[in-house]
Amino acid sequence: MNWLLLICGILFSASAQLLLKQGARLKLWSASWIALAGGAALLYALSFAVYAWVLRKQDISKISPLMGSAVIALVVLGGVFLFGETLSLRRIAGVLLACAAVALLAG
């Protein structure tokens, strides 16, 4: 598997979600909102293309949980560092459990 490509897909998806969060703070249909929404849509499209390509080479039962949990972890961290969201013990446990699930499924 091309790990660099997979990491790019994960980063594209997480970045798209963080851009949408930033856009949600802006006035709907303003130029800034349109730019952020367009950027998020482009990143989602790139993530989709990467995901589709990786699925041609690997099992969906391995790739989907890996991408999903990695995106979750990055979005949680992005929410904390970029938007000042709280990182509770419950959220930390959730991210760790998601990572553990991936480790079990990938092994």
# chains A, B, ... in the order shown; residues from 1 in each chain; ligands from 1
>>> residues_around(residues="Ala41 in chain A", least_positions_apart="3", cutoff="10 Å", atoms="only C-alpha atoms", output="number ranges by chain")
A: 13, 16-17, 19-20, 35-38, 44-47
>>> residues_around(residues="range 53-59 of chain A", least_positions_apart="2", cutoff="10 Å", atoms="only C-alpha atoms", output="VMD selection string")
chain A and resid 1 to 3 5 to 6 9 47 to 51 61 to 64 106
>>> write_last_selection(atoms="C-alpha atoms", output="compact mmCIF listing (two decimals), in the first residue's frame")
# COMPACT_ATOMS: atom_id res chain seq x y z
CA MET A 1 0.00 0.00 0.00
CA ASN A 2 1.22 3.49 -0.71
CA TRP A 3 1.20 4.90 2.82
CA LEU A 5 -1.09 8.46 -0.54
CA LEU A 6 -3.24 7.12 2.29
CA GLY A 9 -6.28 11.19 1.82
CA SER A 47 -9.93 12.53 -0.40
CA PHE A 48 -12.61 10.59 -2.25
CA ALA A 49 -10.30 10.03 -5.23
CA VAL A 50 -7.49 8.81 -2.99
CA TYR A 51 -9.86 6.55 -1.06
CA SER A 61 -12.27 -3.83 5.98
CA LYS A 62 -8.73 -2.59 6.59
CA ILE A 63 -8.71 0.82 4.90
CA SER A 64 -12.08 2.22 5.93
CA ALA A 106 -5.64 -4.25 10.58
>>> atom_distance(atom1="CA of Leu66 in chain A", atom2="CA of Leu104 in chain A")
10.5 Å
>>> select_by_dssp(residues="chain A", states="helix (DSSP H, G or I)", output="PyMOL selection string")
chain A and resi 3-23+31-57+60-83+89-106
>>> residues_around(residues="Val75 in chain A", least_positions_apart="6", cutoff="8 Å", atoms="only C-alpha atoms", output="JSON, numbers by chain")
{"A": [14, 15, 17, 18]}
>>> write_last_selection(atoms="C-alpha atoms", output="PDB file, in the first residue's frame")
ATOM      1  CA  ALA A  14      -9.710  16.100   8.094  1.00  0.00           C
ATOM      2  CA  SER A  15      -8.731  19.463   6.593  1.00  0.00           C
ATOM      3  CA  GLN A  17     -13.954  19.189   7.956  1.00  0.00           C
ATOM      4  CA  LEU A  18     -11.902  21.842   9.731  1.00  0.00           C
TER       5      LEU A  18
END
>>> atom_distance(atom1="CA of Ile7 in chain A", atom2="CA of Ala70 in chain A")
9.0 Å
>>> residues_around(residues="Gly94 in chain A", least_positions_apart="4", cutoff="10 Å", atoms="only C-alpha atoms", output="compact mmCIF listing (two decimals) with N, CA and C atoms, in the first residue's frame")
# COMPACT_ATOMS: atom_id res chain seq x y z
N SER A 69 -10.87 6.40 11.57
CA SER A 69 -10.38 6.72 12.92
C SER A 69 -9.26 7.76 12.88
N ILE A 72 -11.00 11.04 12.52
CA ILE A 72 -11.61 11.40 13.80
C ILE A 72 -10.55 11.99 14.74
N ALA A 73 -9.43 11.32 14.86
CA ALA A 73 -8.37 11.80 15.76
C ALA A 73 -7.88 13.18 15.35
N SER A 88 -11.93 16.38 26.70
CA SER A 88 -12.29 15.68 27.93
C SER A 88 -11.68 14.29 27.94
N LEU A 89 -11.71 13.68 29.12
CA LEU A 89 -11.23 12.29 29.22
C LEU A 89 -12.08 11.36 28.37
N ARG A 90 -13.35 11.67 28.25
CA ARG A 90 -14.24 10.85 27.43
C ARG A 90 -13.83 10.90 25.96
N ALA A 98 -10.92 4.09 19.22
CA ALA A 98 -10.97 4.03 17.76
C ALA A 98 -9.63 3.53 17.22
N CYS A 99 -8.54 4.00 17.79
CA CYS A 99 -7.22 3.55 17.36
C CYS A 99 -7.02 2.07 17.68
N ALA A 100 -7.50 1.64 18.83
CA ALA A 100 -7.39 0.24 19.20
C ALA A 100 -8.19 -0.64 18.24
